[in-house]
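Report on the following structure.
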Amino acid sequence: MRGSSDPPARYTRRPRGRHRFGAAALAAGLLLPVLPLGAQDDVTLERIMAHPDWLGRQPEGPYWSSDGDSVYFQRKREGEEARDLYRVDLENRQAALVADRDRGGAEAPGENWDRERRRRVFVKAGDVFVRDLDRGGGLIQITRTVAPESAPFFTAGGDLAFRRTGVWFVRERETGLLWQPFDVRTEDEPEQARSEQDAGAGYLERQQPRLLEIVRQRRQREERSLEVFKERQAGDPSRPALPHYLGDEVEVVGATLSPALDRLVLRTRPKERGEGLRDRMPNYVTATGMVDVEEVRPKVGTAEAAGETLLLLRTGDPEPATLDLSVLPGIADDPLGDLREAARERKEAREAAAKPSPGDEEAAEAEPESVEQKDEEAGENEPGPRPVRFGPVSFNRDGTRAVVQIYSVDNKDRWIAGIDLEAGELRPLHRRSDPAWINYAFRDLGWLPDDRTIFFLSEETGYSHLNLMDAATGERRQVTEGDFVVRSPQLSADGAFLYFEANRNHPGVFEIFRAPVQESAAGAIEQVTALGGLNSFRLSPDNRHLLIIHSSATRPPELWLQEASPGGEAVRLTETVSSEFLAIDWVAPRFVEVPSSHVERPIHARLYLPPGPTEGPRPAVVFVHGAGYLQNAHQGWSSYFREFMFHTLLARRGYVVLDMDFRASAGYGRDWRTAIYRQMGTPEVEDLADGIDYLVAEHGVDRERIGVYGGSYGGFVTFMSMFRRPELFAAGAALRPVTDWAHYNHRYTSNILNTPELDPEAYERSSPIEFAEGLRKPLLICTGMLDDNVLFQDSVRLVQRLIELGKEDWELAVYPAEAHGFVEPSSWLDEYRRILKLFETHLKPQGTG
């Protein structure tokens, strides 16, 4: 059998309906037992769906100590939700539990170093700590407060800055003084507030100072006291800085302090904004015995598309500078202009068809405008600059330069802009546009040690690649290139190399690579690891080693150690997988390439084959992963670990199982990701159909005995397959499924389908409820009633539709205490018992099983 490390299997596409079995074998339709019953007893649904503690409780959140002599990681405590801390001494490579009484002396993760890289600051349990390698390496506790601190860093002068309850503080290294560089208030400046109060004063308020001297005197004394207070505060260096007033109509959503301590960049948004139509979710299983009702997320397209504003605050200048967005190239373009015009025409047609009679005109004019009409209303006016949202502002080490990533709310554009800290202006450096949507996954950005050059990821070549850019001139150099994905770049401490993960050798294998920063060495990308599977990493503080989180298709993640240069040997640091799991002969997936009849690229997939000899055509199951933009045909440990084990059970029962990275999946570049734009469910089902042809042609699968199942996005694709292509599958199970995209959330859905009022055709061609008439085969629907992601209402509306259509042979299983991701083993077991029963009933010939 081809193992998980073997190269992908390929085949030459045969005409549909052909196979390698003779007529006699087809007529017999027999499936011989694959393994003796006793050999299958170690893989049962009860074991697979038990609490995952039995797999061994793998390392979580690993990080380096400041001196690079040890690594820390957390591990779940068996039978509890608590996490214990472990330390691995690299001298003996033994993992030891850090007792609770010793945790005070342990470090926490964080890569905030001073310029000399001798002090590291981090937050532990909400307090700030410093490890100083020049003072014996011990921990120095900076704060011990009830209010949590966050985002600590060393300033350009070597002092320490951190946030507490949204306010920045600085602790001076020499004196220990704790001070506040900026006082930001979301209220009107007192003089302005008094002027507005005077402007809105009624007759009695205007009469009092006109008639009574005492009223006038008191006001004058108050105004003079305020003037004196401001003068003294401005002139006394021992007192806090004067406040910056933003007005009472905004709220701060982000604040970045310059390492020079003389600038503060704020992200703000309107305090009052339409939050859209929110659903309500009842909870029937409560401690009180009463039904609780929770308000959950709004539906796509119903909230106000409120953008953000970027403000620059400077010490000594009381007036915040609003950074002008009109300088961004293309900010006033309307990528959705054609759709907006069509929406306007639809509205006009509806209004013409529903003109009120003369007696109804007044009532019609008084009817309130629905929130859903906003996109159509927007089509009636020429759009101005598009609203935007900002990524984190990034300063260089000395605080002389800053850059920010800016995203249009319609997610068609991303800009990288410098911030002119003197002029208070944006300087556009780079624009990335996509007629579909900008990928939210590749937002990494950082500074090189020259304090002038930034590195960032961009998908503009079709794949995420690493770029360097001069933050002053915008001059750019692409560091990596090719048909592969680069992610998670990390700069070495000496600034010589950028390390990153990439699937350069195979789409399903992510190794660690490095690229030199110097332009003279351009193109000299070096592969550092050769472990196969999935690998992520943490670079040691001294640049000498990589802490690697490595997994394979049949082994959960463990920690490994390797030199941070090519050719090093990787050594395993942890062994946490249980002996019970290791004792089982799991069916290792083959990694295959399914030919596509729609694009000139294969569809990568996991293939599980029965481990013993079989005769006659075989049943098959196609698994559909969730999220849409997710990669599951990689060669590492899958987040769908229960499904991996379930597929072993199915294979042992004689099923062939195919798990495809259909178009929309991650790991294959921009075009693969955006193939579903305005047509969700169409490319995916086309790819599943190609998978069926592959199974029939290459693995003796009976075309009439193939089932499909998947959860979330996978449940949605299951519906689209069962409704739009009922000939493909003999039975299907849709778990926590989306049935109507108009009822899903905004951030995810509007990227792919725009909004329902603006692009109704996209929603109607992409929503399973529109095609429920096509159901012909047995269907199982499983959903949690506390699902605040894909709401229970989704399944309820579809069930009502099926009832009204007179459909039979479908089943709804509800789980009153479960959310989107099931937690209770009893729920997992019940759900998968039903799935297995569905397949055993409808995919196996009668009399077998």
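Labels used: A, B, ... for chains in the order of the structure tokens, numbers from 1 for residues in each chain, and numbers from 1 for ligands as shown.
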Close residues, range 281-283 of chain A itself excluded, 10 Å, only C-alpha atoms, min 3 positions apart in chain, as number ranges by chain: A: 278, 286, 289-297, 785-788, 791-793, 816-818
Phe623 in chain A environment, 12 Å, only C-alpha atoms, sequence neighbours closer than 6 positions dropped, as a PyMOL selection string: chain A and resi 605-608+632-633+640+643-644+646-647+650+656-662+688+691-692+706-711+713-715+717-718+729+732-735+835
Non-local contacts of Ile416 in chain A (10 Å; only C-alpha atoms; under 3 positions in same chain excluded) as a ChimeraX atom specification: /A:328,390-391,403-407,419,426-432,445,456,471,474
Test item: residues at most 10 Å from range 261-274 of chain A, only C-alpha atoms, excluding those fewer than 4 positions along its chain, as a PyMOL selection string: chain A and resi 155-157+161+168+170+180-182+184+186+246+248-257+302-316+320-323+371+389-394+398-400+402+419+421-422
Let me see the file: selected residues, C-alpha atoms, as a PDB file, in the first residue's frame.
ATOM      1  CA  THR A 155      10.930  52.186  23.477  1.00  0.00           C
ATOM      2  CA  ALA A 156      13.622  53.770  21.334  1.00  0.00           C
ATOM      3  CA  GLY A 157      15.249  55.044  24.528  1.00  0.00           C
ATOM      4  CA  ALA A 161       5.748  50.755  27.344  1.00  0.00           C
ATOM      5  CA  TRP A 168      -0.605  53.499  27.120  1.00  0.00           C
ATOM      6  CA  VAL A 170       5.657  54.143  30.036  1.00  0.00           C
ATOM      7  CA  GLN A 180       1.131  58.390  30.553  1.00  0.00           C
ATOM      8  CA  PRO A 181       2.302  59.904  27.237  1.00  0.00           C
ATOM      9  CA  PHE A 182      -1.191  60.609  25.832  1.00  0.00           C
ATOM     10  CA  VAL A 184      -7.239  60.437  24.828  1.00  0.00           C
ATOM     11  CA  THR A 186     -13.883  60.418  23.475  1.00  0.00           C
ATOM     12  CA  LEU A 246     -11.970  63.256  19.855  1.00  0.00           C
ATOM     13  CA  ASP A 248     -18.421  62.046  21.657  1.00  0.00           C
ATOM     14  CA  GLU A 249     -19.460  60.522  18.351  1.00  0.00           C
ATOM     15  CA  VAL A 250     -16.535  58.117  17.883  1.00  0.00           C
ATOM     16  CA  GLU A 251     -14.989  55.164  19.667  1.00  0.00           C
ATOM     17  CA  VAL A 252     -11.366  54.031  19.592  1.00  0.00           C
ATOM     18  CA  VAL A 253     -10.813  50.546  18.155  1.00  0.00           C
ATOM     19  CA  GLY A 254      -7.006  50.596  18.061  1.00  0.00           C
ATOM     20  CA  ALA A 255      -4.104  52.692  19.382  1.00  0.00           C
ATOM     21  CA  THR A 256      -0.416  52.315  18.452  1.00  0.00           C
ATOM     22  CA  LEU A 257       2.255  54.215  20.351  1.00  0.00           C
ATOM     23  CA  THR A 302     -28.026  44.252   7.008  1.00  0.00           C
ATOM     24  CA  ALA A 303     -25.457  46.209   9.031  1.00  0.00           C
ATOM     25  CA  GLU A 304     -24.235  49.668   8.182  1.00  0.00           C
ATOM     26  CA  ALA A 305     -20.970  49.569   6.218  1.00  0.00           C
ATOM     27  CA  ALA A 306     -19.250  51.906   8.649  1.00  0.00           C
ATOM     28  CA  GLY A 307     -15.614  52.507   7.879  1.00  0.00           C
ATOM     29  CA  GLU A 308     -12.784  53.596  10.137  1.00  0.00           C
ATOM     30  CA  THR A 309     -10.741  56.761  10.431  1.00  0.00           C
ATOM     31  CA  LEU A 310      -7.018  57.034  11.156  1.00  0.00           C
ATOM     32  CA  LEU A 311      -5.890  59.837  13.454  1.00  0.00           C
ATOM     33  CA  LEU A 312      -2.367  60.988  14.240  1.00  0.00           C
ATOM     34  CA  LEU A 313      -1.776  62.541  17.662  1.00  0.00           C
ATOM     35  CA  ARG A 314       1.426  64.429  18.428  1.00  0.00           C
ATOM     36  CA  THR A 315       2.803  65.566  21.753  1.00  0.00           C
ATOM     37  CA  GLY A 316       2.342  69.278  22.220  1.00  0.00           C
ATOM     38  CA  PRO A 320      -5.584  65.296  16.165  1.00  0.00           C
ATOM     39  CA  ALA A 321      -4.676  65.073  12.481  1.00  0.00           C
ATOM     40  CA  THR A 322      -7.133  63.059  10.405  1.00  0.00           C
ATOM     41  CA  LEU A 323      -5.218  61.179   7.714  1.00  0.00           C
ATOM     42  CA  VAL A 371     -32.088  48.042   6.395  1.00  0.00           C
ATOM     43  CA  ARG A 389     -10.747  49.328   7.767  1.00  0.00           C
ATOM     44  CA  PHE A 390      -7.169  49.391   8.992  1.00  0.00           C
ATOM     45  CA  GLY A 391      -4.771  46.671   9.968  1.00  0.00           C
ATOM     46  CA  PRO A 392      -2.289  47.226  12.789  1.00  0.00           C
ATOM     47  CA  VAL A 393      -0.018  50.252  12.474  1.00  0.00           C
ATOM     48  CA  SER A 394       3.649  49.230  12.476  1.00  0.00           C
ATOM     49  CA  ASP A 398      13.230  54.197  16.539  1.00  0.00           C
ATOM     50  CA  GLY A 399       9.748  55.522  15.779  1.00  0.00           C
ATOM     51  CA  THR A 400      10.783  57.580  12.760  1.00  0.00           C
ATOM     52  CA  ALA A 402       5.291  53.925  10.295  1.00  0.00           C
ATOM     53  CA  ILE A 419       2.468  57.626   7.495  1.00  0.00           C
ATOM     54  CA  LEU A 421       4.698  61.646  10.882  1.00  0.00           C
ATOM     55  CA  GLU A 422       5.630  65.289  10.340  1.00  0.00           C
TER      56      GLU A 422
END
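Counting from CA of Thr674 in chain A, the distance to CA of Ala436 in chain A is 6.4 Å.
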Those of range 377-557 of chain A in DSSP strand (DSSP E), formatted as a count of residues only: 93
Shell of 10 Å around range 72-82 of chain A, only C-alpha atoms, local chain residues under 6 positions omitted, as a list of chain:residue names: A:His51, A:Pro52, A:Asp53, A:Trp54, A:Gly56, A:Arg57, A:Gln58, A:Pro59, A:Glu60, A:Gly61, A:Pro62, A:Tyr63, A:Trp64, A:Ser65, A:Val88, A:Asp89, A:Ala95, A:Ala96, A:Leu97, A:Val98, A:Ala106, A:Glu107, A:Ala108, A:Pro109, A:Leu559, A:Thr576
DSSP helix (DSSP H, G or I) residues within range 29-248 of chain A, as a PyMOL selection string: chain A and resi 37-40+45-48+52-55+100-105+190-199+203-211+213-235
